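Student: Next up, start-v7.txt (compact mmCIF, C-alpha atoms).
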```txt
# COMPACT_ATOMS: atom_id res chain seq x y z
CA MET A 1 -5.49 -14.94 11.62
CA ASN A 2 -5.77 -14.05 7.93
CA LEU A 3 -6.87 -10.47 7.40
CA LEU A 4 -6.63 -10.64 3.61
CA GLU A 5 -7.12 -13.67 1.36
CA VAL A 6 -6.39 -13.55 -2.36
CA ASN A 7 -7.72 -16.71 -4.01
CA HIS A 8 -6.81 -17.63 -7.61
CA VAL A 9 -7.32 -14.05 -8.78
CA LYS A 10 -7.37 -13.65 -12.54
CA LYS A 11 -7.76 -10.48 -14.59
CA VAL A 12 -8.27 -10.35 -18.33
CA TYR A 13 -8.62 -7.07 -20.21
CA THR A 14 -10.37 -6.92 -23.57
CA THR A 15 -9.28 -4.32 -26.12
CA ARG A 16 -11.75 -1.63 -27.14
CA PHE A 17 -13.25 -3.52 -30.05
CA GLY A 18 -12.94 -6.94 -28.43
CA GLY A 19 -10.30 -8.17 -30.85
CA ASN A 20 -7.57 -8.99 -28.34
CA LYS A 21 -7.48 -10.13 -24.75
CA VAL A 22 -4.65 -9.32 -22.36
CA GLU A 23 -4.16 -11.57 -19.34
CA ALA A 24 -2.80 -9.26 -16.66
CA LEU A 25 -3.17 -11.77 -13.81
CA LYS A 26 -3.26 -15.55 -14.35
CA SER A 27 -3.88 -17.04 -10.91
CA VAL A 28 -2.63 -15.09 -7.90
CA THR A 29 -3.05 -16.71 -4.51
CA PHE A 30 -1.68 -15.56 -1.16
CA SER A 31 -2.88 -14.50 2.26
CA VAL A 32 -1.90 -11.73 4.66
CA GLU A 33 -2.02 -12.19 8.41
CA GLU A 34 -3.08 -9.35 10.66
CA GLY A 35 -0.02 -7.29 11.63
CA GLU A 36 2.15 -8.38 8.70
CA SER A 37 4.28 -6.04 6.59
CA ILE A 38 4.46 -7.27 2.99
CA ALA A 39 6.20 -5.93 -0.10
CA ILE A 40 5.16 -6.93 -3.62
CA MET A 41 7.80 -6.69 -6.34
CA GLY A 42 8.07 -7.51 -10.04
CA GLU A 43 9.07 -6.05 -13.38
CA SER A 44 6.93 -3.49 -15.16
CA GLY A 45 4.01 -5.31 -16.77
CA SER A 46 4.13 -8.20 -14.29
CA GLY A 47 0.66 -7.40 -12.93
CA LYS A 48 1.57 -5.54 -9.71
CA THR A 49 -0.54 -2.46 -10.44
CA THR A 50 -3.50 -4.55 -11.57
CA LEU A 51 -3.29 -6.57 -8.37
CA LEU A 52 -3.07 -3.42 -6.24
CA ASN A 53 -6.15 -1.96 -7.94
CA ILE A 54 -8.10 -5.14 -7.18
CA LEU A 55 -6.94 -5.16 -3.54
CA ALA A 56 -8.02 -1.51 -3.30
CA ALA A 57 -11.49 -2.37 -4.64
CA LEU A 58 -10.83 -0.07 -7.60
CA ASP A 59 -11.20 -2.95 -10.04
CA LYS A 60 -12.82 -6.39 -9.99
CA PRO A 61 -11.14 -9.67 -10.88
CA THR A 62 -12.26 -11.70 -13.89
CA GLY A 63 -11.93 -14.84 -11.77
CA GLY A 64 -11.18 -15.76 -8.17
CA ASN A 65 -11.85 -13.48 -5.22
CA VAL A 66 -10.34 -11.18 -2.62
CA LEU A 67 -11.59 -11.37 0.97
CA LEU A 68 -10.89 -8.67 3.55
CA ASP A 69 -12.02 -9.81 7.00
CA GLY A 70 -14.01 -12.47 5.17
CA GLN A 71 -15.86 -9.96 2.96
CA ASP A 72 -15.64 -10.48 -0.79
CA LEU A 73 -14.60 -7.13 -2.26
CA ALA A 74 -16.20 -7.89 -5.63
CA LYS A 75 -19.60 -8.34 -3.98
CA ILE A 76 -19.72 -4.91 -2.35
CA LYS A 77 -22.43 -2.80 -3.98
CA GLU A 78 -21.14 -0.09 -6.29
CA SER A 79 -22.85 2.57 -4.17
CA ALA A 80 -21.02 1.34 -1.05
CA VAL A 81 -17.51 0.81 -2.45
CA ALA A 82 -16.23 4.34 -1.79
CA ASN A 83 -17.38 4.19 1.83
CA PHE A 84 -15.84 0.73 2.24
CA ARG A 85 -12.45 1.96 0.98
CA ARG A 86 -12.60 5.00 3.25
CA ASP A 87 -13.52 2.98 6.34
CA HIS A 88 -11.31 -0.10 5.89
CA LEU A 89 -8.34 0.85 3.71
CA GLY A 90 -5.60 3.45 3.99
CA PHE A 91 -3.65 4.60 0.93
CA VAL A 92 -0.15 6.01 0.54
CA PHE A 93 0.85 7.09 -2.98
CA GLN A 94 4.17 7.90 -4.66
CA GLU A 95 3.05 11.42 -5.57
CA PHE A 96 1.43 12.06 -2.15
CA ASN A 97 -1.96 13.11 -3.67
CA LEU A 98 -2.30 16.10 -1.35
CA LEU A 99 -4.49 19.09 -2.25
CA ASP A 100 -2.37 22.24 -2.51
CA THR A 101 -5.29 24.48 -1.50
CA PHE A 102 -5.66 22.60 1.81
CA SER A 103 -3.30 22.75 4.76
CA LEU A 104 -1.63 19.49 5.78
CA GLU A 105 -4.10 19.29 8.65
CA ASP A 106 -7.11 19.63 6.36
CA ASN A 107 -5.65 17.10 3.91
CA ILE A 108 -5.30 14.60 6.75
CA TYR A 109 -8.79 15.34 8.06
CA LEU A 110 -10.45 14.85 4.64
CA PRO A 111 -11.43 11.14 5.04
CA LEU A 112 -13.00 11.91 8.42
CA VAL A 113 -14.82 14.96 7.05
CA LEU A 114 -16.31 12.73 4.37
CA ALA A 115 -17.29 10.26 7.10
CA GLY A 116 -19.15 13.02 8.98
CA LYS A 117 -16.91 13.11 12.07
CA SER A 118 -16.92 16.12 14.36
CA HIS A 119 -13.90 18.40 14.70
CA ALA A 120 -13.32 17.13 18.24
CA GLN A 121 -13.29 13.53 17.02
CA MET A 122 -10.91 14.39 14.19
CA LYS A 123 -8.51 16.26 16.45
CA ALA A 124 -8.50 13.42 18.98
CA ARG A 125 -7.44 11.02 16.23
CA LEU A 126 -4.90 13.34 14.62
CA ASP A 127 -2.95 14.45 17.70
CA PRO A 128 -1.27 11.10 18.52
CA ILE A 129 -0.62 10.32 14.84
CA ALA A 130 0.94 13.74 14.19
CA GLU A 131 3.10 13.27 17.28
CA GLN A 132 4.25 9.84 16.15
CA LEU A 133 5.04 11.04 12.62
CA GLY A 134 6.78 14.22 13.76
CA ILE A 135 4.54 16.65 11.84
CA LYS A 136 2.68 18.39 14.68
CA SER A 137 4.44 21.70 14.02
CA LEU A 138 3.70 21.49 10.27
CA LEU A 139 -0.06 20.96 10.31
CA LYS A 140 -0.98 24.54 9.41
CA LYS A 141 1.44 24.63 6.48
CA TYR A 142 0.44 23.89 2.89
CA PRO A 143 1.96 21.09 0.78
CA TYR A 144 4.00 23.55 -1.31
CA GLU A 145 5.63 24.86 1.88
CA VAL A 146 7.13 21.55 3.04
CA SER A 147 9.61 18.96 1.76
CA GLY A 148 8.79 15.75 -0.07
CA GLY A 149 9.48 13.71 3.04
CA GLN A 150 7.15 15.89 5.10
CA LYS A 151 4.44 15.59 2.44
CA GLN A 152 4.74 11.82 2.56
CA ARG A 153 4.45 11.87 6.37
CA ALA A 154 1.22 13.85 5.98
CA ALA A 155 0.02 11.29 3.42
CA VAL A 156 0.79 8.49 5.87
CA ALA A 157 -1.14 10.36 8.58
CA ARG A 158 -4.12 10.66 6.22
CA ALA A 159 -3.92 6.90 5.57
CA LEU A 160 -3.82 6.08 9.29
CA ILE A 161 -6.43 8.50 10.62
CA THR A 162 -9.38 6.24 9.75
CA ASN A 163 -7.84 3.33 11.73
CA PRO A 164 -7.80 1.18 8.57
CA ARG A 165 -7.64 -2.59 8.64
CA LEU A 166 -5.04 -2.51 5.85
CA VAL A 167 -2.68 0.18 4.53
CA LEU A 168 -1.90 -0.10 0.81
CA ALA A 169 1.22 1.76 -0.31
CA ASP A 170 2.01 2.30 -4.01
CA GLU A 171 5.73 3.09 -4.51
CA PRO A 172 5.72 5.21 -1.31
CA THR A 173 9.46 6.01 -1.52
CA GLY A 174 9.51 6.65 -5.28
CA ALA A 175 9.48 10.46 -5.05
CA LEU A 176 11.74 10.73 -2.00
CA ASP A 177 15.46 11.30 -1.63
CA SER A 178 17.64 8.83 0.28
CA ARG A 179 17.30 10.53 3.66
CA ALA A 180 13.51 10.90 3.42
CA THR A 181 13.26 7.29 2.25
CA ASP A 182 15.16 6.08 5.33
CA GLU A 183 12.90 8.15 7.59
CA LEU A 184 9.72 6.84 5.96
CA LEU A 185 10.84 3.22 6.14
CA LYS A 186 11.68 3.66 9.81
CA LEU A 187 8.19 5.10 10.37
CA PHE A 188 6.57 2.23 8.51
CA GLY A 189 8.50 -0.15 10.75
CA ALA A 190 7.25 1.60 13.89
CA ILE A 191 3.67 1.71 12.60
CA ASN A 192 3.79 -1.99 11.71
CA LYS A 193 5.31 -2.85 15.10
CA ALA A 194 2.33 -1.10 16.71
CA GLY A 195 0.05 -3.57 14.91
CA GLN A 196 -0.82 -1.93 11.57
CA THR A 197 -0.94 -4.30 8.59
CA ILE A 198 0.90 -2.87 5.58
CA LEU A 199 1.06 -4.07 1.98
CA MET A 200 3.44 -2.14 -0.27
CA VAL A 201 4.06 -2.36 -4.00
CA THR A 202 7.57 -1.20 -4.80
CA HIS A 203 10.48 -1.37 -7.25
CA SER A 204 12.88 -0.43 -4.46
CA VAL A 205 15.00 -3.26 -3.06
CA LYS A 206 15.81 -0.99 -0.12
CA ALA A 207 12.13 -0.47 0.72
CA ALA A 208 11.27 -4.15 0.27
CA SER A 209 14.15 -5.21 2.53
CA HIS A 210 12.31 -3.62 5.47
CA ALA A 211 9.23 -5.83 4.98
CA GLY A 212 8.56 -9.03 6.89
CA ARG A 213 7.76 -10.86 3.66
CA VAL A 214 8.37 -10.14 -0.02
CA LEU A 215 6.17 -11.53 -2.81
CA PHE A 216 7.51 -11.56 -6.36
CA ILE A 217 5.02 -11.33 -9.24
CA LYS A 218 6.01 -12.57 -12.69
CA ASP A 219 3.76 -13.07 -15.73
CA GLY A 220 0.65 -12.55 -13.62
CA GLU A 221 1.49 -15.11 -10.93
CA VAL A 222 3.25 -15.27 -7.57
CA TYR A 223 6.68 -16.49 -8.67
CA HIS A 224 8.42 -16.69 -5.29
CA GLN A 225 8.32 -15.28 -1.77
CA ILE A 226 10.90 -14.54 0.92
CA TYR A 227 10.23 -14.46 4.65
CA ARG A 228 12.42 -12.24 6.79
CA GLY A 229 12.65 -14.52 9.81
CA ASP A 230 15.81 -13.48 11.66
CA ALA A 231 17.48 -11.99 8.58
CA SER A 232 18.97 -8.51 8.83
CA TYR A 233 18.12 -5.73 6.38
CA GLU A 234 21.42 -6.40 4.62
CA GLN A 235 20.66 -10.11 4.28
CA MET A 236 17.14 -9.38 3.02
CA TYR A 237 18.57 -6.89 0.51
CA GLN A 238 20.90 -9.59 -0.81
CA LYS A 239 18.14 -12.22 -1.04
CA ILE A 240 15.80 -9.82 -2.84
CA SER A 241 18.51 -8.72 -5.28
CA GLU A 242 19.34 -12.34 -6.11
CA THR A 243 15.67 -13.20 -6.71
CA LEU A 244 15.17 -10.16 -8.96
CA THR A 245 18.20 -11.25 -10.99
CA VAL A 246 16.61 -14.67 -11.50
CA LEU A 247 13.35 -12.97 -12.53
CA THR A 248 14.97 -10.70 -15.09
CA THR A 249 17.23 -13.41 -16.57
CA GLY A 250 14.41 -15.90 -16.97
CA GLY A 251 15.64 -18.41 -14.39
CA GLU A 252 13.58 -21.21 -12.95
CA ARG A 253 11.00 -20.61 -10.25
CA ALA A 254 12.78 -20.61 -6.89
```
Transcribe the structure of this file into structure tokens.

Tutor:
Amino acid sequence: MNLLEVNHVKKVYTTRFGGNKVEALKSVTFSVEEGESIAIMGESGSGKTTLLNILAALDKPTGGNVLLDGQDLAKIKESAVANFRRDHLGFVFQEFNLLDTFSLEDNIYLPLVLAGKSHAQMKARLDPIAEQLGIKSLLKKYPYEVSGGQKQRAAVARALITNPRLVLADEPTGALDSRATDELLKLFGAINKAGQTILMVTHSVKAASHAGRVLFIKDGEVYHQIYRGDASYEQMYQKISETLTVLTTGGERA
């Protein structure tokens, strides 16, 4: 069953005085099945960030549409978009986006506070997530008191606590060292195995090699995709590296 459908999405930006038009996305089409783990890769300027913003309902396409559970994101009323994102999407960012004046616990609770949930409801949701992510003993600490890897675990907990239909991750390993990256990717694998659908934008071949499918964006289009199948992480790493080489050297579409 397709959870997300991206149909011929196009995005054109017009410069301030309307003199020039920049085509960020030409015609992007793909679908995401419920329970998939997908990585999106491409060079800087390929359209990855634009696509992510459209999938996150932060921007609207110039043409085409994006359907989440059959609902066209571009047709959601402006007054309802923030609530839609909070209730249906989870976000994990490279720089964590945690509030230093809030404890990790309060940072994680924030989406549920905004949704008007009671403390008992919030605690019932947080306890199993904190246990799974190994941060139960850190919840009363503040972001400046913990490591980058622990901050990212808290950010993942905040993304999961609303039971989102889709988790969107923007360079989630970009600010982490090698050990914390390995731990986060292992967590993402466990979360995905439990049924959570994850879509990650990344420059990291290592991160992408843990996904079940990798989409490559070039010049505003889906250039190629790789399915994991029975491939090991090492085999996926090799396939991704080879495809990126073709992308950067201007080779033919695979």

Student: How far is it from CA of Val9 in chain A to CA of Gly64 in chain A, in Å with one decimal?

Tutor: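 Atom-to-atom, CA of Val9 in chain A to CA of Gly64 in chain A, that is 4.3 Å.
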
Student: Considering all atoms listed in the file, give me a table of residues in range 109-182 of chain A that are at most 9 Å from range 198-212 of chain A, with the closest atom pair and distance in Å for each, as JSON lines.

Tutor:
```
{"residue": "A:Leu166", "atom": "CA", "partner": "A:Ile198", "partner_atom": "CA", "distance": 6.0}
{"residue": "A:Val167", "atom": "CA", "partner": "A:Ile198", "partner_atom": "CA", "distance": 4.8}
{"residue": "A:Leu168", "atom": "CA", "partner": "A:Leu199", "partner_atom": "CA", "distance": 5.1}
{"residue": "A:Ala169", "atom": "CA", "partner": "A:Met200", "partner_atom": "CA", "distance": 4.5}
{"residue": "A:Asp170", "atom": "CA", "partner": "A:Val201", "partner_atom": "CA", "distance": 5.1}
{"residue": "A:Glu171", "atom": "CA", "partner": "A:Thr202", "partner_atom": "CA", "distance": 4.7}
{"residue": "A:Pro172", "atom": "CA", "partner": "A:Thr202", "partner_atom": "CA", "distance": 7.5}
{"residue": "A:Thr173", "atom": "CA", "partner": "A:Ala207", "partner_atom": "CA", "distance": 7.4}
{"residue": "A:Gly174", "atom": "CA", "partner": "A:Ser204", "partner_atom": "CA", "distance": 7.9}
{"residue": "A:Thr181", "atom": "CA", "partner": "A:Ala207", "partner_atom": "CA", "distance": 8.0}
{"residue": "A:Asp182", "atom": "CA", "partner": "A:Ala207", "partner_atom": "CA", "distance": 8.6}
```

Student: Neighbouring residues of range 103-106 of chain A were defined as those with any atom within 12 Å, considering only C-alpha atoms; residues of the same chain fewer than 2 positions away were excluded. Please report them as a PyMOL selection string.

Tutor: chain A and resi 96-101+108-114+119+122-123+125-127+129-130+135-147+150-158+161

Student: Go ahead and save the picked residues with C-alpha atoms, as a compact mmCIF listing (two decimals), in the frame of the given file.

Tutor:
```
# COMPACT_ATOMS: atom_id res chain seq x y z
CA PHE A 96 1.43 12.06 -2.15
CA ASN A 97 -1.96 13.11 -3.67
CA LEU A 98 -2.30 16.10 -1.35
CA LEU A 99 -4.49 19.09 -2.25
CA ASP A 100 -2.37 22.24 -2.51
CA THR A 101 -5.29 24.48 -1.50
CA ILE A 108 -5.30 14.60 6.75
CA TYR A 109 -8.79 15.34 8.06
CA LEU A 110 -10.45 14.85 4.64
CA PRO A 111 -11.43 11.14 5.04
CA LEU A 112 -13.00 11.91 8.42
CA VAL A 113 -14.82 14.96 7.05
CA LEU A 114 -16.31 12.73 4.37
CA HIS A 119 -13.90 18.40 14.70
CA MET A 122 -10.91 14.39 14.19
CA LYS A 123 -8.51 16.26 16.45
CA ARG A 125 -7.44 11.02 16.23
CA LEU A 126 -4.90 13.34 14.62
CA ASP A 127 -2.95 14.45 17.70
CA ILE A 129 -0.62 10.32 14.84
CA ALA A 130 0.94 13.74 14.19
CA ILE A 135 4.54 16.65 11.84
CA LYS A 136 2.68 18.39 14.68
CA SER A 137 4.44 21.70 14.02
CA LEU A 138 3.70 21.49 10.27
CA LEU A 139 -0.06 20.96 10.31
CA LYS A 140 -0.98 24.54 9.41
CA LYS A 141 1.44 24.63 6.48
CA TYR A 142 0.44 23.89 2.89
CA PRO A 143 1.96 21.09 0.78
CA TYR A 144 4.00 23.55 -1.31
CA GLU A 145 5.63 24.86 1.88
CA VAL A 146 7.13 21.55 3.04
CA SER A 147 9.61 18.96 1.76
CA GLN A 150 7.15 15.89 5.10
CA LYS A 151 4.44 15.59 2.44
CA GLN A 152 4.74 11.82 2.56
CA ARG A 153 4.45 11.87 6.37
CA ALA A 154 1.22 13.85 5.98
CA ALA A 155 0.02 11.29 3.42
CA VAL A 156 0.79 8.49 5.87
CA ALA A 157 -1.14 10.36 8.58
CA ARG A 158 -4.12 10.66 6.22
CA ILE A 161 -6.43 8.50 10.62
```

Student: Skip Ala190 in chain A itself and residues of its chain fewer than 3 positions away, then list as a list in words all residues within 12 Å of it, counting only C-alpha atoms.

Tutor: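 After dropping sequence-adjacent residues, the list is Gly35, Ser37, Ile129, Gln132, Leu133, Glu183, Leu184, Leu185, Lys186, Leu187, Lys193, Ala194, Gly195, Gln196, Thr197, Ile198, His210 and Ala211 of chain A.
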
Student: Using only C-alpha atoms, which of A:Val6, A:Val66, A:Leu247, A:Leu25 sits nearest His224 in chain A?

Tutor: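 Closest to His224 in chain A, using only C-alpha atoms: A:Leu247.
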
Student: Report, in Å with one decimal, the straight-line distance from CA of Asn65 in chain A to CA of Gly250 in chain A.

Tutor: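 Spanning CA of Asn65 in chain A to CA of Gly250 in chain A is a straight-line distance of 28.9 Å.
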
Student: If we count all atoms listed in the file and set the cut-off at 12 Å, which residues sit around Lys239 in chain A, ignoring sequence neighbours fewer than 2 positions away in its own chain? Please answer as a ChimeraX atom specification.

Tutor: /A:205-206,208-209,213-214,216,224-228,231-237,241-246,254

Student: Export C-alpha atoms of the chosen residues as a PDB file, in the coordinates of the input?

Tutor:
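The file below, again.pdb, is the result:
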```
ATOM      1  CA  VAL A 205      15.000  -3.260  -3.060  1.00  0.00           C
ATOM      2  CA  LYS A 206      15.810  -0.990  -0.120  1.00  0.00           C
ATOM      3  CA  ALA A 208      11.270  -4.150   0.270  1.00  0.00           C
ATOM      4  CA  SER A 209      14.150  -5.210   2.530  1.00  0.00           C
ATOM      5  CA  ARG A 213       7.760 -10.860   3.660  1.00  0.00           C
ATOM      6  CA  VAL A 214       8.370 -10.140  -0.020  1.00  0.00           C
ATOM      7  CA  PHE A 216       7.510 -11.560  -6.360  1.00  0.00           C
ATOM      8  CA  HIS A 224       8.420 -16.690  -5.290  1.00  0.00           C
ATOM      9  CA  GLN A 225       8.320 -15.280  -1.770  1.00  0.00           C
ATOM     10  CA  ILE A 226      10.900 -14.540   0.920  1.00  0.00           C
ATOM     11  CA  TYR A 227      10.230 -14.460   4.650  1.00  0.00           C
ATOM     12  CA  ARG A 228      12.420 -12.240   6.790  1.00  0.00           C
ATOM     13  CA  ALA A 231      17.480 -11.990   8.580  1.00  0.00           C
ATOM     14  CA  SER A 232      18.970  -8.510   8.830  1.00  0.00           C
ATOM     15  CA  TYR A 233      18.120  -5.730   6.380  1.00  0.00           C
ATOM     16  CA  GLU A 234      21.420  -6.400   4.620  1.00  0.00           C
ATOM     17  CA  GLN A 235      20.660 -10.110   4.280  1.00  0.00           C
ATOM     18  CA  MET A 236      17.140  -9.380   3.020  1.00  0.00           C
ATOM     19  CA  TYR A 237      18.570  -6.890   0.510  1.00  0.00           C
ATOM     20  CA  SER A 241      18.510  -8.720  -5.280  1.00  0.00           C
ATOM     21  CA  GLU A 242      19.340 -12.340  -6.110  1.00  0.00           C
ATOM     22  CA  THR A 243      15.670 -13.200  -6.710  1.00  0.00           C
ATOM     23  CA  LEU A 244      15.170 -10.160  -8.960  1.00  0.00           C
ATOM     24  CA  THR A 245      18.200 -11.250 -10.990  1.00  0.00           C
ATOM     25  CA  VAL A 246      16.610 -14.670 -11.500  1.00  0.00           C
ATOM     26  CA  ALA A 254      12.780 -20.610  -6.890  1.00  0.00           C
TER      27      ALA A 254
END
```

Student: Can you pull out every residue within 12 Å of His8 in chain A, counting only C-alpha atoms, but drop anything in the same chain fewer than 2 positions away, and send it as a CSV table (one decimal) with C-alpha atoms, in the coordinates of the input?

Tutor:
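Written file, out_10.csv:
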```csv
chain,number,residue,atom,x,y,z
A,5,GLU,CA,-7.1,-13.7,1.4
A,6,VAL,CA,-6.4,-13.6,-2.4
A,10,LYS,CA,-7.4,-13.6,-12.5
A,11,LYS,CA,-7.8,-10.5,-14.6
A,25,LEU,CA,-3.2,-11.8,-13.8
A,26,LYS,CA,-3.3,-15.6,-14.4
A,27,SER,CA,-3.9,-17.0,-10.9
A,28,VAL,CA,-2.6,-15.1,-7.9
A,29,THR,CA,-3.0,-16.7,-4.5
A,30,PHE,CA,-1.7,-15.6,-1.2
A,31,SER,CA,-2.9,-14.5,2.3
A,51,LEU,CA,-3.3,-6.6,-8.4
A,61,PRO,CA,-11.1,-9.7,-10.9
A,62,THR,CA,-12.3,-11.7,-13.9
A,63,GLY,CA,-11.9,-14.8,-11.8
A,64,GLY,CA,-11.2,-15.8,-8.2
A,65,ASN,CA,-11.8,-13.5,-5.2
A,66,VAL,CA,-10.3,-11.2,-2.6
A,67,LEU,CA,-11.6,-11.4,1.0
A,220,GLY,CA,0.6,-12.6,-13.6
A,221,GLU,CA,1.5,-15.1,-10.9
A,222,VAL,CA,3.2,-15.3,-7.6
```

Student: Return the single residue from A:Phe102, A:Arg165, A:Ser118, A:Gln94 that is closest to Leu4 in chain A, with distances computed using only C-alpha atoms.

Tutor: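 Ranked by minimum distance to Leu4 in chain A, first place goes to A:Arg165.
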